[in-house]
Each structure stands twice: as structure tokens, then as C-alpha cells.
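Enquirer: TSV, C-alpha atoms, file protein.tsv:
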chain	number	residue	atom	x	y	z
A	1	MET	CA	-1.55	-8.05	-12.30
A	2	VAL	CA	1.23	-8.17	-14.90
A	3	GLY	CA	3.70	-11.03	-15.01
A	4	GLU	CA	7.40	-10.51	-14.40
A	5	ILE	CA	10.60	-11.62	-16.08
A	6	THR	CA	13.39	-12.14	-13.55
A	7	MET	CA	17.05	-12.52	-14.44
A	8	ILE	CA	19.18	-14.01	-11.68
A	9	CYS	CA	22.83	-12.99	-11.81
A	10	MET	CA	24.76	-15.65	-9.94
A	11	ASP	CA	28.34	-15.77	-8.72
A	12	ASN	CA	30.43	-18.35	-10.58
A	13	SER	CA	33.80	-16.92	-9.56
A	14	LYS	CA	36.74	-18.68	-7.95
A	15	TRP	CA	35.73	-17.20	-4.61
A	16	MET	CA	32.86	-19.67	-4.43
A	17	THR	CA	35.24	-22.66	-4.42
A	18	GLU	CA	37.15	-21.43	-1.37
A	19	GLU	CA	34.19	-22.24	0.84
A	20	ILE	CA	32.03	-24.71	-1.05
A	21	THR	CA	29.12	-24.37	1.37
A	22	TRP	CA	28.62	-20.79	0.16
A	23	PHE	CA	28.25	-22.00	-3.41
A	24	VAL	CA	25.89	-24.83	-2.41
A	25	ASN	CA	23.77	-22.43	-0.38
A	26	GLN	CA	23.64	-20.04	-3.32
A	27	ILE	CA	22.32	-22.82	-5.58
A	28	ARG	CA	19.68	-23.78	-3.02
A	29	ALA	CA	18.59	-20.18	-2.55
A	30	ILE	CA	18.27	-19.61	-6.30
A	31	GLU	CA	16.29	-22.83	-6.74
A	32	LEU	CA	13.88	-21.86	-3.98
A	33	TYR	CA	13.52	-18.34	-5.37
A	34	CYS	CA	12.77	-19.63	-8.87
A	35	GLU	CA	10.20	-22.10	-7.58
A	36	ARG	CA	8.31	-19.43	-5.63
A	37	LYS	CA	8.56	-16.92	-8.47
A	38	LEU	CA	7.14	-19.31	-11.09
A	39	LYS	CA	4.27	-20.30	-8.81
A	40	ALA	CA	3.38	-16.67	-8.06
A	41	HIS	CA	2.06	-15.85	-11.56
A	42	PRO	CA	1.38	-17.98	-14.66
A	43	ASP	CA	3.24	-15.53	-16.92
A	44	ASN	CA	6.37	-15.22	-14.78
A	45	LEU	CA	9.70	-16.20	-16.32
A	46	VAL	CA	13.11	-16.77	-14.73
A	47	GLY	CA	16.56	-16.87	-16.27
A	48	ILE	CA	20.12	-17.28	-14.97
A	49	PHE	CA	23.22	-15.31	-15.91
A	50	ARG	CA	26.89	-15.95	-15.01
A	51	MET	CA	28.76	-12.91	-13.66
A	52	GLY	CA	32.39	-14.05	-13.53
A	53	GLU	CA	34.42	-11.50	-15.51
A	54	LEU	CA	36.14	-14.25	-17.54
A	55	ASP	CA	33.00	-16.31	-18.08
A	56	LEU	CA	30.10	-13.91	-18.68
A	57	GLY	CA	27.02	-15.32	-20.30
A	58	PHE	CA	23.54	-16.80	-20.10
A	59	GLN	CA	23.36	-20.04	-18.17
A	60	LEU	CA	19.62	-20.29	-18.79
A	61	TYR	CA	17.39	-18.09	-20.93
A	62	PRO	CA	14.06	-17.04	-19.38
A	63	THR	CA	11.73	-20.00	-18.95
A	64	LYS	CA	8.61	-21.18	-17.12
A	65	ASN	CA	9.97	-24.71	-16.76
A	66	PHE	CA	11.07	-25.21	-13.15
A	67	GLN	CA	12.40	-28.70	-13.85
A	68	LEU	CA	14.75	-27.19	-16.42
A	69	VAL	CA	15.89	-24.65	-13.84
A	70	LYS	CA	16.68	-27.43	-11.37
A	71	CYS	CA	18.58	-29.40	-14.00
A	72	VAL	CA	20.72	-26.39	-14.98
A	73	LEU	CA	21.51	-25.54	-11.36
A	74	LYS	CA	22.41	-29.14	-10.54
A	75	ARG	CA	25.04	-29.21	-13.29
A	76	PHE	CA	26.43	-25.77	-12.53
A	77	ILE	CA	29.98	-25.48	-11.15
A	78	PRO	CA	32.03	-22.38	-10.25
A	79	SER	CA	34.99	-21.30	-12.33
A	80	SER	CA	38.43	-22.65	-11.47
A	81	THR	CA	40.04	-19.32	-12.39
A	82	ARG	CA	40.37	-16.58	-9.79
A	83	GLN	CA	38.19	-13.77	-11.06
A	84	ASN	CA	36.04	-10.97	-9.75
A	85	LEU	CA	32.47	-10.20	-10.75
A	86	ASP	CA	31.79	-7.97	-13.74
A	87	LEU	CA	28.47	-6.89	-12.31
A	88	LEU	CA	27.68	-3.85	-14.45
A	89	LEU	CA	28.36	-5.55	-17.77
A	90	SER	CA	26.29	-8.51	-16.59
A	91	LEU	CA	23.35	-6.23	-15.88
A	92	GLU	CA	23.57	-4.65	-19.32
A	93	LEU	CA	23.77	-8.02	-21.08
A	94	CYS	CA	20.74	-9.27	-19.16
A	95	THR	CA	18.58	-6.82	-21.08
A	96	GLU	CA	19.20	-8.74	-24.31
A	97	CYS	CA	16.57	-11.30	-23.31
A	98	TRP	CA	13.89	-8.67	-22.64
A	99	PHE	CA	13.09	-7.58	-26.17
A	100	ASP	CA	10.66	-10.47	-26.72
A	101	HIS	CA	8.93	-9.84	-23.38
A	102	LYS	CA	8.13	-6.13	-23.41
A	103	HIS	CA	4.72	-6.73	-21.82
A	104	LEU	CA	6.28	-8.09	-18.61
A	105	ASP	CA	7.75	-6.20	-15.67
A	106	LYS	CA	11.51	-6.52	-15.29
A	107	ARG	CA	13.54	-7.58	-12.26
A	108	ILE	CA	17.21	-8.47	-11.75
A	109	VAL	CA	18.32	-10.40	-8.68
A	110	VAL	CA	22.06	-10.23	-8.00
A	111	PHE	CA	23.76	-12.88	-5.85
A	112	ALA	CA	27.05	-11.16	-5.06
A	113	GLY	CA	29.58	-13.41	-3.35
A	114	GLY	CA	32.98	-12.33	-4.63
A	115	PRO	CA	34.45	-8.81	-4.74
A	116	CYS	CA	32.86	-6.28	-7.07
A	117	LYS	CA	33.47	-2.56	-7.36
A	118	PHE	CA	33.04	0.03	-10.06
A	119	PRO	CA	33.51	3.80	-10.52
A	120	SER	CA	30.52	6.12	-10.27
A	121	LYS	CA	30.72	7.18	-13.93
A	122	GLN	CA	30.54	3.58	-15.07
A	123	LEU	CA	27.60	2.94	-12.74
A	124	LYS	CA	25.61	5.89	-14.11
A	125	ALA	CA	26.28	4.79	-17.69
A	126	SER	CA	25.07	1.26	-16.97
A	127	VAL	CA	21.95	2.48	-15.16
A	128	LYS	CA	21.12	4.64	-18.17
A	129	VAL	CA	21.36	1.59	-20.44
A	130	LEU	CA	19.07	-0.39	-18.15
A	131	LYS	CA	16.47	2.38	-17.93
A	132	GLU	CA	16.49	3.66	-21.50
A	133	GLY	CA	13.45	3.21	-23.71
A	134	GLU	CA	9.75	3.39	-22.97
A	135	ASP	CA	9.76	0.79	-20.21
A	136	THR	CA	11.96	1.92	-17.34
A	137	SER	CA	10.42	-0.27	-14.64
A	138	VAL	CA	13.55	-2.29	-13.91
A	139	VAL	CA	13.95	-3.27	-10.25
A	140	ILE	CA	17.15	-4.67	-8.76
A	141	ASP	CA	17.46	-6.85	-5.66
A	142	VAL	CA	20.89	-7.67	-4.21
A	143	VAL	CA	21.90	-10.61	-2.03
A	144	ASP	CA	25.38	-10.00	-0.56
A	145	PHE	CA	26.35	-13.29	1.05
A	146	PHE	CA	30.15	-13.69	1.07
A	147	PRO	CA	32.39	-11.83	3.55
A	148	VAL	CA	34.90	-9.45	1.94
A	149	LEU	CA	37.59	-7.69	3.96
A	150	ASP	CA	37.11	-4.15	2.61
A	151	ASP	CA	33.94	-2.05	2.44
A	152	SER	CA	34.14	-1.21	-1.27
A	153	LYS	CA	31.86	-4.08	-2.23
A	154	ALA	CA	29.06	-3.11	0.15
A	155	ASP	CA	29.33	0.55	-0.86
A	156	SER	CA	29.20	-0.32	-4.57
A	157	LEU	CA	26.13	-2.51	-4.13
A	158	LYS	CA	24.34	0.17	-2.11
A	159	LYS	CA	25.01	2.74	-4.83
A	160	LEU	CA	23.70	0.34	-7.46
A	161	VAL	CA	20.42	-0.25	-5.61
A	162	LYS	CA	20.00	3.47	-4.93
A	163	HIS	CA	20.51	4.47	-8.56
A	164	MET	CA	18.26	1.75	-9.94
A	165	ASN	CA	15.40	1.72	-7.44
A	166	GLU	CA	15.33	5.27	-6.08
A	167	GLN	CA	16.76	7.68	-8.62
A	168	ASN	CA	14.73	8.62	-11.68
A	169	ILE	CA	17.52	9.68	-14.02
A	170	PHE	CA	15.17	10.75	-16.83
A	171	GLY	CA	12.70	12.76	-14.78
A	172	VAL	CA	12.63	15.14	-11.87
A	173	ASP	CA	14.09	14.77	-8.41
A	174	TRP	CA	10.82	15.26	-6.57
A	175	ARG	CA	12.65	16.34	-3.42
A	176	LYS	CA	13.07	19.70	-5.19
A	177	LEU	CA	9.35	20.36	-4.70
A	178	ASP	CA	10.15	21.56	-1.19
A	179	THR	CA	12.90	23.99	-2.15
A	180	GLN	CA	12.90	24.57	-5.93
A	181	ARG	CA	9.33	24.43	-7.19
A	182	GLY	CA	10.14	26.83	-10.00
A	183	ALA	CA	12.76	24.44	-11.35
A	184	VAL	CA	10.30	21.54	-11.19
A	185	LEU	CA	7.67	23.53	-13.09
A	186	ALA	CA	10.24	24.56	-15.72
A	187	THR	CA	11.12	20.91	-16.30
A	188	GLU	CA	7.47	19.93	-16.64
A	189	LEU	CA	6.85	22.83	-19.03
A	190	LYS	CA	9.59	21.40	-21.20
A	191	ASN	CA	8.58	17.73	-20.98
A	192	ASN	CA	4.78	18.16	-21.03
A	193	ALA	CA	4.34	21.40	-22.94
A	194	ASN	CA	1.24	20.32	-24.88
A	195	LYS	CA	-0.69	19.15	-21.84
A	196	ILE	CA	0.06	22.23	-19.76
A	197	ALA	CA	-0.72	24.51	-22.72
A	198	LYS	CA	-4.11	22.81	-23.05
A	199	TRP	CA	-4.86	23.21	-19.35
A	200	THR	CA	-3.78	26.85	-19.42
A	201	ALA	CA	-6.01	27.58	-22.42
A	202	GLN	CA	-8.96	25.89	-20.72
A	203	ALA	CA	-8.41	27.96	-17.57
A	204	ILE	CA	-8.30	31.21	-19.55
A	205	LEU	CA	-11.42	30.29	-21.56
A	206	ALA	CA	-13.22	29.54	-18.30
A	207	SER	CA	-12.20	32.97	-16.92
A	208	ALA	CA	-10.31	31.24	-14.12
A	209	ASP	CA	-7.55	33.34	-12.61
A	210	MET	CA	-5.82	30.42	-10.90
A	211	MET	CA	-4.78	27.00	-12.15
A	212	LYS	CA	-3.66	24.23	-9.82
A	213	LEU	CA	-1.17	21.53	-10.79
A	214	GLY	CA	-0.87	18.33	-8.81
A	215	TYR	CA	2.40	16.40	-8.66
A	216	VAL	CA	2.08	12.65	-8.18
A	217	THR	CA	4.42	9.68	-8.26
A	218	ARG	CA	4.02	5.93	-8.30
A	219	VAL	CA	3.76	4.15	-4.96
A	220	HIS	CA	6.18	1.58	-6.41
A	221	PRO	CA	8.23	1.85	-9.64
A	222	ARG	CA	6.47	-1.21	-11.10
A	223	ASP	CA	2.94	-0.22	-10.05
A	224	HIS	CA	1.26	1.55	-12.97
A	225	PHE	CA	-2.04	2.15	-11.16
A	226	ASN	CA	-1.46	3.37	-7.59
A	227	HIS	CA	-0.02	6.82	-6.99
A	228	VAL	CA	0.59	9.19	-4.11
A	229	ILE	CA	0.09	12.98	-4.20
A	230	LEU	CA	3.32	14.86	-3.51
A	231	ALA	CA	2.05	18.42	-3.73
A	232	VAL	CA	-0.64	20.67	-5.21
A	233	VAL	CA	0.59	24.08	-6.36
A	234	GLY	CA	-1.48	27.02	-7.60
A	235	TYR	CA	-0.37	29.26	-10.48
A	236	LYS	CA	-1.87	32.28	-12.21
A	237	ALA	CA	-3.31	31.04	-15.49
A	238	GLN	CA	-1.82	33.90	-17.48
A	239	GLY	CA	1.39	33.95	-15.50
A	240	VAL	CA	2.86	30.64	-16.61
A	241	CYS	CA	6.17	31.38	-18.34
A	242	TRP	CA	6.85	29.16	-21.33
A	243	PRO	CA	10.38	28.26	-22.40
A	244	ASP	CA	11.62	29.43	-25.79
Taking this structure as input, can you express it in the form of C-alpha cells?

Expert:
Amino acid sequence: MVGEITMICMDNSKWMTEEITWFVNQIRAIELYCERKLKAHPDNLVGIFRMGELDLGFQLYPTKNFQLVKCVLKRFIPSSTRQNLDLLLSLELCTECWFDHKHLDKRIVVFAGGPCKFPSKQLKASVKVLKEGEDTSVVIDVVDFFPVLDDSKADSLKKLVKHMNEQNIFGVDWRKLDTQRGAVLATELKNNANKIAKWTAQAILASADMMKLGYVTRVHPRDHFNHVILAVVGYKAQGVCWPD
């Protein structure tokens, strides 16, 4: 089992001072989460990031030292300036601490108290930044704990979780296997041309008329070993059309 680096994005906005119990409860929840996370695996790391739009930055770089985590949280106070959360920029900046820990899985836990909303284009751009590179196993958890009058906050957070944890923006939407199998095959011919060419050649050399391709996906985005079969489709070995 691989260790995990977890960045906790906490709310340090003015909204937390309007009802101090919300801020205190947030601190307690983060402390408990960090304690459990560090005990779960010897290689686990936790860090803390401030999300207030006027005070973005690392409160604590990833560490294994729980006593240091407690000390930092004990001294932490919310901002005295009324400000919203700059959630997307916070998520992008969190990745700066990952370059020295490429062997670990990545997780971001967002404690969203104050208002936060963002346009869809900005969301897609930020998700692309988070998922670019060889390691795209970034998982986001959201804790929405402060009441906001409008629904824009909840909708924005739901879209964020959906794009990060469900949508594979660099691969194929596997739901198309039911309705557009030709499009899925065309994408795989483009992305895995060498492998499919090898399999096709082997089928022809073996005088096999049919070749079957199996489509699989991970059971969980961070699980590199366990997969589930989505579909098995048969093709004529000499009938596979290659893109130019």
C-alpha cells in the first residue's frame, strides 16, 4: 500500500469570525483528521493551506510530525478582513509541494465555510492543472460546514468533486461504450496505436479472423492494481481501420 500526501485547505476568511464555534470546530476536525491520517500509514504526510483570497498561502508544509500540526493549528486565527475563498487558485498552489513526493498518492481535503463560486471555464482549467503530468491520481474531498443563503456554493463544490473524482479529462468517457463504441475504438487507436498494431499483427499471423479487445477501468482512481471489466468487444483482425 502506497503512502499518501494530503493537503488540507482550510477556511481562514472573515466568515469564520462571525460564529467562532464554526472556526473552533473546524480546527478540531482538522486536528482529528491529521492524527488519524498520520497513524494510518508510516509514509503519510499532511499539510495545511490557507484559502482566504487576500491571504493565500501555506500554513504548514507536508509533515509527519503531529505535534507540529497541533502547534500550528493552536496558533491559527481567521482573517479580520471580509473575504471569500479563492478555492481554485488554492488547489493549484497546493501542487507546488508535490514535486518532492511523486511516489505518494495525492489527496486534497477542502474545508469550505465561507462563500465560494467560480465559472465552469475556470474550473476546467484548474482541474487540468491538477491532473496534468504522469500522475493524475488526485482525489478531492469537500467538507461544506457553514450555511450560505444561496445555492451557488453547493453547486460549485459539487461540480468540483465531479470533475476531479469522476471525469477523466485526458481519456475516454467510458459511458460511450454503450452508444458509441466506434468512437471509443478510434480514440484507443490514436492513443495506443503500437499496442493495438502488435495485437493485430499477432492475430493475423495466427490466422485468427477475430480479435477481442477488453475495456477495463480502475475500481478507484488511486488503486493501481484492482480493475473492473467494462466490456469485451470483438473485431475482425483485418478490419481494424487505422487513423492517418

Enquirer: Rank A:Leu91, A:Leu38, A:Leu185, A:Leu85 by their smallest atom-to-atom distance to A:Asn65, using only C-alpha atoms, and report the top residue only.

Expert: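 Among A:Leu91, A:Leu38, A:Leu185, A:Leu85, it is A:Leu38 that comes nearest to A:Asn65.
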
Enquirer: What is the distance between atom CA of A:Thr217 and atom CA of A:Met164, in Å to one decimal?

Expert: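 Result for atom CA of A:Thr217 versus atom CA of A:Met164: 16.0 Å, one decimal.
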
Enquirer: Between A:Val110, A:Ile5, A:Leu54, A:Cys71, which residue has the minimum interatomic distance to A:Ala40, considering all atoms listed in the file?

Expert: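 Closest candidate: A:Ile5.
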
Enquirer: Select, from A:Lys74, A:Arg107, A:Lys124, A:Arg50, the residue with the minimum atom-to-atom distance to A:Met7, counting all atoms listed in the file.

Expert: A:Arg107

Enquirer: Please provide the set of residues having any atom within 12 Å of A:Pro119, restricted to only C-alpha atoms, with same-chain residues fewer than 6 positions apart removed, written as a PyMOL selection string.

Expert: chain A and resi 87-88+125-126+152-153+155-157+159-160

Enquirer: Tell me, as a list of chain:residue names, which residues lie within 10 Å of A:Phe23, counting only C-alpha atoms; anything in the same chain fewer than 5 positions away does not count.

Expert: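 After dropping sequence-adjacent residues, the list is A:Met10, A:Asp11, A:Asn12, A:Ser13, A:Trp15, A:Met16, A:Thr17, A:Glu18, A:Arg28, A:Ala29, A:Ile77, A:Pro78, A:Gly113, A:Phe145, A:Phe146.
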
Enquirer: What is the atom CA of A:Glu96-atom CA of A:Gly3 distance in Å, reported with one decimal?

Expert: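 One can read the atom CA of A:Glu96 to atom CA of A:Gly3 distance as 18.2 Å.
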
Enquirer: For A:Asp86, which residue out of A:Trp22, A:Leu60, A:Cys9, A:Arg36 is the nearest one, using all atoms listed in the file?

Expert: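 Counting all atoms listed in the file, the residue closest to A:Asp86 is A:Cys9.
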
Enquirer: Atom CA of A:Asp144 to atom CA of A:Phe118: how many Å, to one decimal?

Expert: 15.8 Å

Enquirer: Could you tell me which of A:Cys34, A:Leu93, A:Val109, A:Met211 comes closest to A:Ile8 if we count all atoms listed in the file?

Expert: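 So, comparing all the options, the nearest one is A:Val109.
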
Enquirer: Check the smallest atom-to-atom distance from each of A:Val219, A:Met210, A:Leu73, A:Ile48 to A:Asn25 using all atoms listed in the file, then report the winner.

Expert: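 Going through A:Val219, A:Met210, A:Leu73, A:Ile48 one by one, the smallest distance to A:Asn25 is for A:Leu73.
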
Enquirer: Which residues, written as a ChimeraX atom specification, have at least one atom at most 12 Å from A:Leu205, with all atoms listed in the file counted and residues fewer than 6 positions away on the same chain left out?

Expert: /A:198-199,211,237-238

Enquirer: Counting only C-alpha atoms, find the residues whose atoms lie at most 10 Å from (3.9, -23.3, -20.9) (file coordinates) and write them out as a list in words.

Expert: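 Here the neighbourhood of the point contains Pro42, Asp43, Thr63, Lys64 and Asn65 of chain A.
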
Enquirer: If we count all atoms listed in the file and set the cut-off at 9 Å, which residues sit around A:Leu213, ignoring sequence neighbours fewer than 5 positions away in its own chain? Please answer as a PDB file with C-alpha atoms, in the coordinates of the input.

Expert:
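After the write, part33.pdb holds the following:
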ATOM      1  CA  ALA A 231       2.050  18.420  -3.730  1.00  0.00           C
ATOM      2  CA  VAL A 232      -0.640  20.670  -5.210  1.00  0.00           C
ATOM      3  CA  VAL A 233       0.590  24.080  -6.360  1.00  0.00           C
ATOM      4  CA  GLY A 234      -1.480  27.020  -7.600  1.00  0.00           C
ATOM      5  CA  TYR A 235      -0.370  29.260 -10.480  1.00  0.00           C
TER       6      TYR A 235
END
